[in-house]
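A.B. asks: Structure file upload_14.csv (CSV, C-alpha atoms) right here:
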chain,number,residue,atom,x,y,z
X,1,MET,CA,105.2,-134.1,-73.2
X,2,LYS,CA,102.2,-134.1,-75.6
X,3,LEU,CA,100.5,-130.7,-75.6
X,4,THR,CA,98.2,-129.0,-78.0
X,5,LEU,CA,97.5,-125.3,-78.2
X,6,GLU,CA,94.1,-123.7,-79.0
X,7,LYS,CA,94.4,-120.1,-79.9
X,8,ASN,CA,91.7,-117.8,-78.7
X,9,LYS,CA,91.3,-114.0,-78.9
X,10,ASN,CA,92.6,-113.1,-75.5
X,11,PHE,CA,93.4,-116.5,-73.8
X,12,ASN,CA,95.2,-119.5,-75.3
X,13,VAL,CA,94.3,-122.9,-74.1
X,14,VAL,CA,97.1,-125.5,-73.5
X,15,TRP,CA,95.6,-129.1,-73.5
X,16,VAL,CA,97.9,-131.5,-71.7
X,17,GLN,CA,97.6,-134.8,-73.5
X,18,GLU,CA,99.3,-136.9,-70.9
X,19,GLU,CA,97.9,-139.1,-68.1
X,20,ARG,CA,101.0,-138.4,-66.0
X,21,ILE,CA,103.1,-135.4,-65.2
X,22,ASP,CA,106.3,-136.3,-63.3
X,23,ALA,CA,110.0,-135.5,-63.3
X,24,HIS,CA,110.4,-137.2,-66.7
X,25,ASN,CA,108.2,-134.8,-68.6
X,26,SER,CA,107.5,-131.8,-66.3
X,27,ALA,CA,110.5,-129.9,-67.7
X,28,GLY,CA,108.9,-130.1,-71.1
X,29,LEU,CA,105.7,-128.6,-69.8
X,30,LYS,CA,107.6,-125.8,-68.0
X,31,GLU,CA,109.6,-125.0,-71.1
X,32,TYR,CA,106.5,-125.0,-73.4
X,33,ILE,CA,104.7,-122.5,-71.2
X,34,LEU,CA,107.7,-120.3,-70.8
X,35,ASN,CA,108.2,-120.2,-74.6
X,36,LEU,CA,104.5,-119.2,-75.1
X,37,LEU,CA,104.9,-116.4,-72.6
X,38,GLU,CA,108.1,-115.2,-74.3
X,39,GLU,CA,106.3,-115.2,-77.6
X,40,GLY,CA,103.9,-112.7,-76.1
X,41,GLU,CA,101.0,-115.1,-75.2
X,42,HIS,CA,100.6,-113.9,-71.7
X,43,ASN,CA,97.2,-115.3,-70.8
X,44,LEU,CA,96.8,-119.1,-70.7
X,45,VAL,CA,94.3,-121.7,-69.6
X,46,VAL,CA,96.0,-125.1,-68.9
X,47,GLN,CA,93.4,-127.9,-69.5
X,48,LEU,CA,94.3,-130.9,-67.3
X,49,GLU,CA,91.4,-133.3,-68.0
X,50,GLN,CA,93.6,-136.2,-69.2
X,51,VAL,CA,96.0,-135.9,-66.3
X,52,ARG,CA,95.4,-138.6,-63.7
X,53,PHE,CA,98.7,-138.2,-61.8
X,54,ILE,CA,100.9,-135.2,-60.9
X,55,ASP,CA,104.0,-135.1,-58.8
X,56,SER,CA,105.9,-132.3,-57.1
X,57,SER,CA,107.8,-131.5,-60.2
X,58,GLY,CA,104.6,-131.2,-62.2
X,59,LEU,CA,103.1,-128.8,-59.6
X,60,GLY,CA,106.4,-126.9,-59.8
X,61,ALA,CA,106.2,-126.6,-63.6
X,62,LEU,CA,102.7,-125.1,-63.3
X,63,LEU,CA,103.7,-122.8,-60.5
X,64,SER,CA,106.7,-121.6,-62.6
X,65,GLY,CA,104.2,-120.8,-65.5
X,66,TYR,CA,101.9,-119.0,-63.0
X,67,LYS,CA,104.7,-116.8,-61.7
X,68,ASN,CA,106.2,-116.1,-65.1
X,69,ALA,CA,102.8,-115.1,-66.5
X,70,ALA,CA,102.2,-112.8,-63.5
X,71,SER,CA,105.6,-111.2,-64.0
X,72,ARG,CA,104.5,-110.3,-67.5
X,73,SER,CA,101.2,-108.9,-66.2
X,74,GLY,CA,99.5,-112.0,-67.7
X,75,LYS,CA,97.6,-114.9,-66.1
X,76,LEU,CA,97.8,-118.7,-66.1
X,77,VAL,CA,94.7,-120.5,-64.9
X,78,LEU,CA,93.8,-124.2,-64.7
X,79,SER,CA,90.7,-126.2,-65.7
X,80,ASN,CA,89.3,-129.7,-65.7
X,81,ILE,CA,91.4,-131.0,-62.8
X,82,GLN,CA,90.7,-134.6,-61.8
X,83,PRO,CA,89.8,-135.2,-58.1
X,84,GLN,CA,93.0,-137.0,-57.1
X,85,VAL,CA,95.1,-134.4,-58.9
X,86,LEU,CA,93.2,-131.6,-57.2
X,87,ALA,CA,93.9,-133.3,-53.9
X,88,MET,CA,97.6,-132.6,-54.5
X,89,PHE,CA,96.9,-128.9,-55.1
X,90,GLU,CA,95.0,-128.9,-51.8
X,91,LEU,CA,97.8,-130.7,-49.9
X,92,THR,CA,100.3,-128.1,-51.0
X,93,ARG,CA,97.7,-125.2,-50.7
X,94,LEU,CA,98.3,-124.4,-54.3
X,95,ASN,CA,94.6,-124.4,-54.8
X,96,ARG,CA,94.7,-121.0,-53.1
X,97,VAL,CA,97.3,-119.7,-55.6
X,98,PHE,CA,95.8,-120.8,-58.9
X,99,GLU,CA,92.4,-119.9,-60.3
X,100,ILE,CA,90.8,-123.3,-60.9
X,101,TYR,CA,87.8,-123.8,-63.1
X,102,LEU,CA,85.5,-126.7,-63.9
X,103,ASP,CA,86.1,-126.4,-67.6
X,104,VAL,CA,87.6,-124.2,-70.3
X,105,ASP,CA,84.3,-122.4,-71.0
X,106,GLU,CA,84.0,-121.4,-67.4
X,107,ALA,CA,87.7,-120.3,-67.3
X,108,LEU,CA,87.2,-118.1,-70.4
X,109,ALA,CA,83.9,-116.7,-69.2
X,110,ASN,CA,85.6,-115.5,-66.0
X,111,GLN,CA,88.4,-113.5,-67.7
X,112,THR,CA,88.0,-109.9,-68.5
W,113,MET,CA,95.9,-160.3,-52.1
W,114,GLY,CA,95.5,-162.0,-48.7
W,115,THR,CA,97.7,-161.8,-45.6
W,116,ALA,CA,100.8,-163.3,-47.2
W,117,ASP,CA,103.8,-161.1,-47.1
W,118,ILE,CA,104.9,-159.6,-50.4
W,119,GLN,CA,108.4,-158.5,-51.3
W,120,VAL,CA,109.1,-156.6,-54.6
W,121,GLU,CA,112.6,-155.7,-55.6
W,122,VAL,CA,113.3,-153.5,-58.6
W,123,ILE,CA,116.6,-152.2,-59.9
W,124,ILE,CA,116.4,-149.4,-62.6
W,125,PRO,CA,119.0,-147.2,-64.4
W,126,THR,CA,119.1,-143.7,-63.0
W,127,GLN,CA,116.7,-142.4,-65.7
W,128,THR,CA,113.4,-140.6,-65.1
W,129,LYS,CA,111.6,-142.6,-67.8
W,130,TYR,CA,111.3,-145.4,-65.3
W,131,LEU,CA,109.4,-143.3,-62.8
W,132,ASP,CA,106.1,-144.3,-64.4
W,133,LEU,CA,106.9,-148.0,-64.0
W,134,ILE,CA,107.9,-147.7,-60.3
W,135,GLY,CA,104.8,-145.5,-59.6
W,136,CYS,CA,102.5,-147.9,-61.3
W,137,ILE,CA,103.9,-150.9,-59.3
W,138,GLY,CA,103.1,-149.0,-56.1
W,139,GLU,CA,99.6,-148.0,-57.3
W,140,ARG,CA,98.7,-151.6,-58.3
W,141,LEU,CA,100.0,-153.0,-55.0
W,142,GLY,CA,98.0,-150.4,-53.1
W,143,ARG,CA,94.8,-151.1,-54.9
W,144,GLU,CA,95.0,-154.8,-54.1
W,145,LEU,CA,95.7,-154.4,-50.3
W,146,GLU,CA,92.5,-156.1,-49.2
W,147,ASN,CA,93.4,-155.9,-45.5
W,148,PHE,CA,93.6,-152.1,-45.7
W,149,THR,CA,90.3,-150.8,-44.3
W,150,GLY,CA,90.9,-147.1,-45.3
W,151,ASP,CA,90.4,-145.5,-48.7
W,152,ARG,CA,92.3,-148.0,-51.0
W,153,GLU,CA,92.1,-145.8,-54.1
W,154,ALA,CA,93.7,-142.9,-52.2
W,155,LEU,CA,96.4,-145.2,-50.8
W,156,ALA,CA,97.1,-146.4,-54.3
W,157,TYR,CA,97.6,-142.9,-55.5
W,158,TYR,CA,99.8,-142.0,-52.5
W,159,LEU,CA,102.0,-145.0,-53.1
W,160,ASN,CA,102.4,-144.0,-56.8
W,161,LEU,CA,103.3,-140.5,-55.7
W,162,VAL,CA,105.6,-141.5,-52.8
W,163,LEU,CA,107.5,-144.0,-55.0
W,164,THR,CA,107.8,-141.5,-57.8
W,165,GLU,CA,109.1,-138.8,-55.5
W,166,ALA,CA,111.5,-141.1,-53.7
W,167,THR,CA,112.9,-142.6,-56.9
W,168,ALA,CA,113.1,-139.2,-58.6
W,169,ASN,CA,115.0,-137.9,-55.6
W,170,ALA,CA,117.5,-140.9,-55.8
W,171,ILE,CA,118.0,-140.3,-59.5
W,172,LYS,CA,118.6,-136.6,-58.9
W,173,HIS,CA,121.2,-137.3,-56.2
W,174,ALA,CA,122.9,-140.0,-58.3
W,175,LYS,CA,123.3,-137.7,-61.3
W,176,ASP,CA,126.6,-136.3,-60.1
W,177,CYS,CA,128.0,-139.8,-60.0
W,178,ARG,CA,128.4,-142.4,-62.7
W,179,PRO,CA,125.8,-142.5,-65.6
W,180,GLU,CA,125.7,-146.3,-65.4
W,181,ASP,CA,124.5,-146.0,-61.8
W,182,THR,CA,121.3,-147.7,-60.6
W,183,VAL,CA,118.6,-147.2,-58.1
W,184,ARG,CA,117.3,-150.1,-56.1
W,185,ILE,CA,113.7,-150.0,-54.8
W,186,SER,CA,112.5,-152.5,-52.3
W,187,ILE,CA,108.8,-152.8,-51.3
W,188,ASN,CA,107.8,-155.1,-48.4
W,189,ILE,CA,104.2,-155.6,-47.5
W,190,GLN,CA,103.1,-157.3,-44.3
W,191,ALA,CA,99.7,-157.6,-42.7
W,192,ASP,CA,100.0,-154.4,-40.7
W,193,GLU,CA,102.8,-152.4,-42.4
W,194,LEU,CA,104.1,-151.4,-45.7
W,195,ASN,CA,107.8,-150.6,-46.0
W,196,ILE,CA,109.6,-149.0,-48.9
W,197,LYS,CA,113.4,-148.7,-49.2
W,198,VAL,CA,115.0,-146.7,-51.9
W,199,TYR,CA,118.8,-147.0,-52.3
W,200,ASP,CA,121.0,-144.4,-54.0
W,201,HIS,CA,124.7,-144.1,-54.5
W,202,GLY,CA,124.8,-140.3,-54.4
W,203,GLN,CA,126.3,-137.8,-51.9
W,204,GLY,CA,123.2,-138.0,-49.7
W,205,PHE,CA,121.5,-135.1,-47.9
W,206,ASP,CA,120.2,-134.3,-44.4
W,207,LEU,CA,116.5,-135.2,-44.3
W,208,GLU,CA,116.0,-133.1,-41.1
W,209,THR,CA,117.2,-129.9,-42.8
W,210,VAL,CA,114.7,-130.1,-45.7
W,211,PRO,CA,112.4,-127.3,-45.0
W,212,MET,CA,108.6,-127.5,-45.0
W,213,PRO,CA,107.1,-125.7,-48.0
W,214,ASP,CA,106.2,-122.0,-47.4
W,215,PHE,CA,102.5,-122.1,-48.2
W,216,ASP,CA,102.3,-118.3,-48.3
W,217,ASP,CA,105.2,-118.0,-50.8
W,218,PRO,CA,105.3,-121.3,-52.6
W,219,LYS,CA,108.4,-122.4,-54.4
W,220,GLU,CA,108.8,-124.6,-57.5
W,221,ASN,CA,111.0,-127.1,-55.6
W,222,GLY,CA,110.9,-128.9,-52.2
W,223,MET,CA,107.5,-130.4,-52.3
W,224,GLY,CA,108.6,-134.0,-52.8
W,225,ILE,CA,109.9,-134.8,-49.4
W,226,TYR,CA,106.9,-132.9,-47.9
W,227,PHE,CA,104.6,-135.3,-49.8
W,228,ILE,CA,106.4,-138.3,-48.5
W,229,LYS,CA,106.4,-137.1,-44.9
W,230,THR,CA,102.8,-136.0,-45.0
W,231,LEU,CA,101.3,-139.1,-46.7
W,232,MET,CA,103.3,-141.8,-44.9
W,233,ASP,CA,103.8,-142.6,-41.2
W,234,SER,CA,107.6,-142.4,-41.0
W,235,VAL,CA,110.6,-141.6,-43.2
W,236,THR,CA,114.3,-141.9,-42.5
W,237,TYR,CA,117.4,-141.4,-44.6
W,238,VAL,CA,120.6,-143.0,-43.5
W,239,ARG,CA,124.0,-144.0,-44.9
W,240,GLN,CA,124.3,-147.8,-45.2
W,241,GLY,CA,127.6,-149.1,-46.4
W,242,ASP,CA,128.3,-147.5,-49.8
W,243,CYS,CA,124.8,-146.2,-50.4
W,244,ASN,CA,122.0,-144.1,-48.8
W,245,VAL,CA,118.7,-145.6,-47.9
W,246,LEU,CA,115.4,-143.7,-47.8
W,247,GLU,CA,113.1,-145.8,-45.7
W,248,ILE,CA,109.4,-145.1,-45.7
W,249,LYS,CA,106.8,-146.8,-43.6
W,250,LYS,CA,103.0,-146.8,-43.7
W,251,HIS,CA,100.8,-148.6,-41.1
W,252,LEU,CA,98.0,-150.5,-42.8
W,253,THR,CA,95.8,-151.1,-39.8
Render the structure in this file as C-alpha coordinates.
C.D. replies:
Amino acid sequence: MKLTLEKNKNFNVVWVQEERIDAHNSAGLKEYILNLLEEGEHNLVVQLEQVRFIDSSGLGALLSGYKNAASRSGKLVLSNIQPQVLAMFELTRLNRVFEIYLDVDEALANQT
Amino acid sequence: MGTADIQVEVIIPTQTKYLDLIGCIGERLGRELENFTGDREALAYYLNLVLTEATANAIKHAKDCRPEDTVRISINIQADELNIKVYDHGQGFDLETVPMPDFDDPKENGMGIYFIKTLMDSVTYVRQGDCNVLEIKKHLT
(Lines of atoms letter the chains of each structure in order from A and count residues from 1; the text may use other names and numbers.)
(Lines give C-alpha, C1' and ligand atoms only; values in the text may rest on other atoms or scores of the structure.)
Protein backbone atom coordinates (compact mmCIF):
# COMPACT_ATOMS: atom_id res chain seq x y z
CA MET A 1 0.00 0.00 0.00
CA LYS A 2 1.60 3.26 -1.15
CA LEU A 3 0.76 6.11 1.21
CA THR A 4 2.29 9.50 1.87
CA LEU A 5 1.85 11.65 4.92
CA GLU A 6 1.64 15.42 4.96
CA LYS A 7 1.99 16.85 8.43
CA ASN A 8 -0.07 19.89 9.29
CA LYS A 9 -0.49 21.72 12.56
CA ASN A 10 -3.64 20.02 13.79
CA PHE A 11 -4.57 17.63 11.01
CA ASN A 12 -2.34 15.24 9.10
CA VAL A 13 -3.20 14.30 5.56
CA VAL A 14 -2.77 10.70 4.38
CA TRP A 15 -2.55 10.54 0.57
CA VAL A 16 -3.52 7.10 -0.73
CA GLN A 17 -1.32 6.53 -3.78
CA GLU A 18 -3.16 3.49 -5.11
CA GLU A 19 -5.86 3.08 -7.75
CA ARG A 20 -7.32 0.12 -5.94
CA ILE A 21 -8.03 -0.74 -2.32
CA ASP A 22 -9.01 -4.39 -1.90
CA ALA A 23 -8.34 -7.35 0.39
CA HIS A 24 -4.75 -7.45 -0.86
CA ASN A 25 -3.71 -4.05 0.50
CA SER A 26 -6.49 -2.88 2.85
CA ALA A 27 -4.79 -4.42 5.89
CA GLY A 28 -1.80 -2.18 5.14
CA LEU A 29 -4.02 0.93 5.13
CA LYS A 30 -5.71 -0.11 8.37
CA GLU A 31 -2.38 -0.73 10.08
CA TYR A 32 -0.88 2.55 8.84
CA ILE A 33 -3.80 4.58 10.21
CA LEU A 34 -3.73 2.69 13.51
CA ASN A 35 0.00 3.34 13.88
CA LEU A 36 -0.52 7.07 13.29
CA LEU A 37 -3.24 7.15 15.93
CA GLU A 38 -1.06 5.26 18.38
CA GLU A 39 1.75 7.78 17.76
CA GLY A 40 -0.62 10.49 18.92
CA GLU A 41 -1.73 11.80 15.52
CA HIS A 42 -5.45 11.73 16.31
CA ASN A 43 -6.79 13.97 13.53
CA LEU A 44 -6.50 12.71 9.98
CA VAL A 45 -7.70 13.56 6.50
CA VAL A 46 -7.54 10.58 4.10
CA GLN A 47 -7.15 11.89 0.54
CA LEU A 48 -8.61 9.37 -1.94
CA GLU A 49 -8.26 11.11 -5.32
CA GLN A 50 -6.17 8.35 -6.89
CA VAL A 51 -8.47 5.56 -5.72
CA ARG A 52 -10.69 4.32 -8.56
CA PHE A 53 -11.86 1.15 -6.85
CA ILE A 54 -12.66 0.13 -3.28
CA ASP A 55 -14.08 -3.13 -1.96
CA SER A 56 -15.69 -4.05 1.36
CA SER A 57 -12.33 -4.62 3.06
CA GLY A 58 -11.19 -1.12 2.00
CA LEU A 59 -14.34 0.43 3.44
CA GLY A 60 -13.75 -1.67 6.56
CA ALA A 61 -10.19 -0.35 6.90
CA LEU A 62 -11.40 3.26 6.73
CA LEU A 63 -14.22 2.51 9.18
CA SER A 64 -11.70 0.97 11.56
CA GLY A 65 -9.64 4.17 11.35
CA TYR A 66 -12.73 6.29 11.92
CA LYS A 67 -13.71 4.34 15.04
CA ASN A 68 -10.17 4.23 16.42
CA ALA A 69 -9.77 7.99 15.93
CA ALA A 70 -13.13 8.63 17.63
CA SER A 71 -12.16 6.42 20.58
CA ARG A 72 -9.13 8.67 21.09
CA SER A 73 -11.28 11.81 20.87
CA GLY A 74 -9.81 12.39 17.42
CA LYS A 75 -11.29 12.53 13.97
CA LEU A 76 -10.78 10.85 10.61
CA VAL A 77 -12.36 12.56 7.60
CA LEU A 78 -12.21 11.82 3.88
CA SER A 79 -11.64 13.96 0.80
CA ASN A 80 -11.45 13.79 -3.01
CA ILE A 81 -13.59 10.66 -3.40
CA GLN A 82 -14.16 9.58 -7.01
CA PRO A 83 -17.85 9.17 -8.01
CA GLN A 84 -17.81 5.38 -8.35
CA VAL A 85 -16.03 5.01 -5.02
CA LEU A 86 -18.51 7.41 -3.41
CA ALA A 87 -21.32 5.19 -4.74
CA MET A 88 -19.97 2.38 -2.53
CA PHE A 89 -20.11 4.65 0.53
CA GLU A 90 -23.71 5.46 -0.39
CA LEU A 91 -24.66 1.82 -0.90
CA THR A 92 -23.41 0.97 2.59
CA ARG A 93 -24.69 4.30 4.02
CA LEU A 94 -21.15 5.01 5.21
CA ASN A 95 -21.51 8.46 3.65
CA ARG A 96 -23.66 9.19 6.71
CA VAL A 97 -20.85 8.10 9.04
CA PHE A 98 -17.84 9.88 7.52
CA GLU A 99 -17.38 13.57 6.98
CA ILE A 100 -16.63 13.75 3.25
CA TYR A 101 -15.09 16.83 1.63
CA LEU A 102 -14.42 17.86 -1.95
CA ASP A 103 -10.74 18.45 -1.31
CA VAL A 104 -8.14 18.71 1.43
CA ASP A 105 -8.47 22.50 1.72
CA GLU A 106 -12.20 22.18 2.37
CA ALA A 107 -11.58 19.38 4.86
CA LEU A 108 -9.02 21.44 6.79
CA ALA A 109 -11.13 24.62 6.67
CA ASN A 110 -14.00 22.78 8.35
CA GLN A 111 -11.99 21.60 11.34
CA THR A 112 -11.83 23.61 14.53
CA MET B 1 -18.68 -7.77 -28.42
CA GLY B 2 -21.80 -8.99 -30.20
CA THR B 3 -24.32 -11.62 -29.29
CA ALA B 4 -21.90 -14.56 -29.30
CA ASP B 5 -21.62 -16.37 -25.99
CA ILE B 6 -18.46 -15.84 -24.00
CA GLN B 7 -16.92 -18.27 -21.56
CA VAL B 8 -13.93 -17.26 -19.42
CA GLU B 9 -12.28 -19.70 -17.02
CA VAL B 10 -9.52 -18.60 -14.66
CA ILE B 11 -7.73 -20.65 -12.01
CA ILE B 12 -5.62 -18.75 -9.50
CA PRO B 13 -3.63 -19.63 -6.38
CA THR B 14 -5.41 -18.64 -3.16
CA GLN B 15 -3.50 -15.36 -2.93
CA THR B 16 -5.07 -11.91 -2.70
CA LYS B 17 -2.59 -10.41 -5.18
CA TYR B 18 -4.71 -11.96 -7.95
CA LEU B 19 -7.87 -10.05 -6.96
CA ASP B 20 -6.85 -7.14 -9.18
CA LEU B 21 -6.54 -9.47 -12.20
CA ILE B 22 -9.93 -11.11 -11.60
CA GLY B 23 -11.65 -7.78 -10.94
CA CYS B 24 -10.17 -6.23 -14.07
CA ILE B 25 -11.35 -9.13 -16.24
CA GLY B 26 -14.89 -8.49 -14.97
CA GLU B 27 -14.60 -4.76 -15.55
CA ARG B 28 -13.35 -5.15 -19.12
CA LEU B 29 -16.06 -7.69 -19.96
CA GLY B 30 -18.72 -5.42 -18.48
CA ARG B 31 -17.55 -2.38 -20.42
CA GLU B 32 -17.79 -4.29 -23.69
CA LEU B 33 -21.30 -5.71 -23.23
CA GLU B 34 -22.83 -3.92 -26.17
CA ASN B 35 -26.21 -5.59 -25.73
CA PHE B 36 -26.60 -4.18 -22.23
CA THR B 37 -28.85 -1.13 -22.41
CA GLY B 38 -28.23 0.12 -18.86
CA ASP B 39 -25.27 2.04 -17.46
CA ARG B 40 -22.35 0.01 -18.81
CA GLU B 41 -19.69 1.88 -16.79
CA ALA B 42 -21.58 1.18 -13.58
CA LEU B 43 -22.05 -2.49 -14.56
CA ALA B 44 -18.30 -2.72 -15.28
CA TYR B 45 -17.52 -1.41 -11.78
CA TYR B 46 -20.06 -3.75 -10.20
CA LEU B 47 -18.55 -6.77 -11.97
CA ASN B 48 -15.10 -5.75 -10.77
CA LEU B 49 -16.46 -5.47 -7.24
CA VAL B 50 -18.54 -8.64 -7.25
CA LEU B 51 -15.70 -10.75 -8.68
CA THR B 52 -13.26 -9.22 -6.20
CA GLU B 53 -15.58 -9.90 -3.25
CA ALA B 54 -16.49 -13.43 -4.35
CA THR B 55 -12.86 -14.39 -5.00
CA ALA B 56 -11.63 -12.80 -1.76
CA ASN B 57 -14.31 -14.75 0.05
CA ALA B 58 -13.18 -18.01 -1.56
CA ILE B 59 -9.52 -17.26 -0.70
CA LYS B 60 -10.47 -16.49 2.90
CA HIS B 61 -12.40 -19.72 3.29
CA ALA B 62 -9.67 -21.76 1.65
CA LYS B 63 -6.96 -20.46 3.96
CA ASP B 64 -7.63 -23.10 6.59
CA CYS B 65 -6.87 -25.73 4.00
CA ARG B 66 -3.79 -26.39 1.91
CA PRO B 67 -1.62 -23.46 0.82
CA GLU B 68 -1.31 -24.94 -2.68
CA ASP B 69 -5.08 -24.63 -3.04
CA THR B 70 -6.63 -22.83 -5.99
CA VAL B 71 -9.80 -20.89 -6.71
CA ARG B 72 -11.57 -21.43 -10.02
CA ILE B 73 -13.63 -18.61 -11.46
CA SER B 74 -15.95 -19.17 -14.38
CA ILE B 75 -17.70 -16.33 -16.20
CA ASN B 76 -20.34 -17.09 -18.80
CA ILE B 77 -22.02 -14.36 -20.81
CA GLN B 78 -25.05 -14.97 -22.97
CA ALA B 79 -27.28 -12.46 -24.70
CA ASP B 80 -29.61 -12.00 -21.75
CA GLU B 81 -27.67 -13.22 -18.73
CA LEU B 82 -24.30 -13.11 -17.11
CA ASN B 83 -23.33 -16.00 -14.87
CA ILE B 84 -20.36 -16.14 -12.50
CA LYS B 85 -19.30 -19.24 -10.60
CA VAL B 86 -16.56 -19.19 -7.99
CA TYR B 87 -15.37 -22.58 -6.72
CA ASP B 88 -13.59 -22.98 -3.40
CA HIS B 89 -12.36 -26.00 -1.47
CA GLY B 90 -12.95 -24.62 2.01
CA GLN B 91 -15.39 -25.57 4.75
CA GLY B 92 -18.13 -23.46 3.24
CA PHE B 93 -20.70 -21.30 5.01
CA ASP B 94 -24.44 -20.77 5.08
CA LEU B 95 -25.27 -17.89 2.76
CA GLU B 96 -28.71 -17.48 4.31
CA THR B 97 -27.32 -16.78 7.76
CA VAL B 98 -25.00 -13.97 6.62
CA PRO B 99 -26.66 -10.91 8.20
CA MET B 100 -27.43 -7.67 6.43
CA PRO B 101 -25.13 -4.84 7.52
CA ASP B 102 -26.40 -2.80 10.46
CA PHE B 103 -26.47 0.66 8.87
CA ASP B 104 -26.97 2.38 12.22
CA ASP B 105 -23.98 0.65 13.77
CA PRO B 106 -21.73 -0.32 10.83
CA LYS B 107 -19.10 -3.01 11.31
CA GLU B 108 -15.80 -3.47 9.53
CA ASN B 109 -16.74 -6.87 8.12
CA GLY B 110 -19.73 -8.42 6.41
CA MET B 111 -20.27 -5.96 3.56
CA GLY B 112 -18.94 -8.22 0.78
CA ILE B 113 -21.90 -10.59 0.52
CA TYR B 114 -24.22 -7.57 0.86
CA PHE B 115 -22.58 -6.01 -2.22
CA ILE B 116 -23.03 -9.20 -4.23
CA LYS B 117 -26.66 -9.65 -3.18
CA THR B 118 -27.50 -6.01 -3.78
CA LEU B 119 -25.77 -5.46 -7.12
CA MET B 120 -26.63 -8.77 -8.79
CA ASP B 121 -29.96 -10.50 -9.43
CA SER B 122 -29.41 -13.83 -7.71
CA VAL B 123 -26.76 -15.53 -5.61
CA THR B 124 -26.55 -19.10 -4.30
CA TYR B 125 -23.85 -21.05 -2.47
CA VAL B 126 -24.01 -24.83 -2.67
CA ARG B 127 -21.80 -27.84 -2.07
CA GLN B 128 -20.90 -29.57 -5.34
CA GLY B 129 -18.72 -32.67 -5.08
CA ASP B 130 -15.53 -31.79 -3.21
CA CYS B 131 -15.98 -28.03 -3.46
CA ASN B 132 -18.41 -25.16 -2.84
CA VAL B 133 -19.82 -23.04 -5.63
CA LEU B 134 -20.90 -19.44 -5.26
CA GLU B 135 -23.13 -18.80 -8.27
CA ILE B 136 -24.06 -15.25 -9.18
CA LYS B 137 -26.44 -14.20 -11.95
CA LYS B 138 -27.16 -10.85 -13.54
CA HIS B 139 -29.88 -10.29 -16.13
CA LEU B 140 -28.64 -8.20 -19.02
CA THR B 141 -31.94 -7.19 -20.57
A.B. asks: Can you work out which one of W:Leu194, W:Ile225, W:Val235, W:Ile137 has the shortest atom-to-atom distance to chain X, counting all atoms listed in the file?
C.D. replies: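 Of the candidates, the smallest distance to chain X is held by W:Ile225.
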A.B. asks: Check every residue of chain W for an atom within 9 Å of chain X, counting only C-alpha atoms, and provide those that qualify as a list of chain:residue names.
C.D. replies: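 Per the criterion, chain W yields W:Gln127, W:Thr128, W:Lys129, W:Tyr130, W:Leu131, W:Asp132, W:Ala154, W:Tyr157, W:Asn160, W:Leu161, W:Val162, W:Thr164, W:Glu165, W:Ala168, W:Pro213, W:Phe215, W:Asp216, W:Pro218, W:Lys219, W:Glu220, W:Asn221, W:Gly222, W:Met223, W:Gly224, W:Tyr226, W:Phe227, W:Thr230.
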A.B. asks: Excluding W:Tyr199 and its own-chain neighbours fewer than 2 positions away, which residues fall within 6 Å of it when counting only C-alpha atoms? Please give them as a PyMOL selection string.
C.D. replies: chain W and resi 183-184+244-245
A.B. asks: Just the residues within 8 Å of X:Val13, please, counting only C-alpha atoms, with nothing from its chain fewer than 2 positions along; format it as a list in words.
C.D. replies: Leu5, Glu6, Lys7, Asn8, Phe11, Trp15, Leu44, Val45, Val46, Gln47 and Val104 of chain X
A.B. asks: So, with all atoms listed in the file as the atoms that count, which of X:Ile33, X:Phe89, X:Ala107, X:Glu39 lies closest to X:Tyr66?
C.D. replies: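 That would be X:Ile33, the residue with the smallest distance to X:Tyr66.
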A.B. asks: Taking only C-alpha atoms into account, name the residue in X:Leu102, X:Leu48, X:Leu3, X:Leu34 that is nearest to X:Ala70.
C.D. replies: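 Once distances to X:Ala70 are computed over only C-alpha atoms, the minimum belongs to X:Leu34.
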A.B. asks: So the first atom is atom CA of X:Asn110 and the second is atom CA of X:Asn80; what is the distance between them in Å, to one decimal place?
C.D. replies: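 One can read the atom CA of X:Asn110 to atom CA of X:Asn80 distance as 14.7 Å.
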A.B. asks: So that all listed atoms of stretch 241-245 of chain W fit with 8 Å spare on each side, what axis-aligned box centre and edge lengths in Å, to one decimal, would you give as lines of an AutoDock Vina configuration file?
C.D. replies:
center_x = 123.5
center_y = -146.6
center_z = -48.4
size_x = 25.6
size_y = 21.0
size_z = 20.0
A.B. asks: Would you work out the distance separating atom CA of X:Ala69 from atom CA of X:Met1, expressed in Å to one decimal?
C.D. replies: 20.3 Å
A.B. asks: For each of X:Thr112, X:Pro83, X:Asn35, X:Glu49, take the minimum atom-to-atom distance to X:Glu18, counting only C-alpha atoms, then give the residue where this is smallest.
C.D. replies: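 Ranking X:Thr112, X:Pro83, X:Asn35, X:Glu49 by distance to X:Glu18, first place goes to X:Glu49.
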A.B. asks: Using only C-alpha atoms, which residue out of W:Asp151, W:Leu163, W:Lys172, W:Asn188 lies closest to W:Val120?
C.D. replies: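 Closest residue, counting only C-alpha atoms: W:Asn188.
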A.B. asks: Starting from the point (113.7, -147.5, -57.9), work out which residues of protein, DNA or RNA have an atom no more than 7 Å away when counting all atoms listed in the file; state them as a short mmCIF file (atom, residue, chain, number, x, y, z; two decimals) with C-alpha atoms, keeping the file's coordinate frame.
C.D. replies:
data_model
loop_
_atom_site.label_atom_id
_atom_site.label_comp_id
_atom_site.auth_asym_id
_atom_site.auth_seq_id
_atom_site.Cartn_x
_atom_site.Cartn_y
_atom_site.Cartn_z
CA VAL W 122 113.30 -153.50 -58.60
CA ILE W 123 116.60 -152.20 -59.90
CA ILE W 124 116.40 -149.40 -62.60
CA ILE W 134 107.90 -147.70 -60.30
CA THR W 167 112.90 -142.60 -56.90
CA VAL W 183 118.60 -147.20 -58.10
CA ARG W 184 117.30 -150.10 -56.10
CA ILE W 185 113.70 -150.00 -54.80
CA VAL W 198 115.00 -146.70 -51.90
#
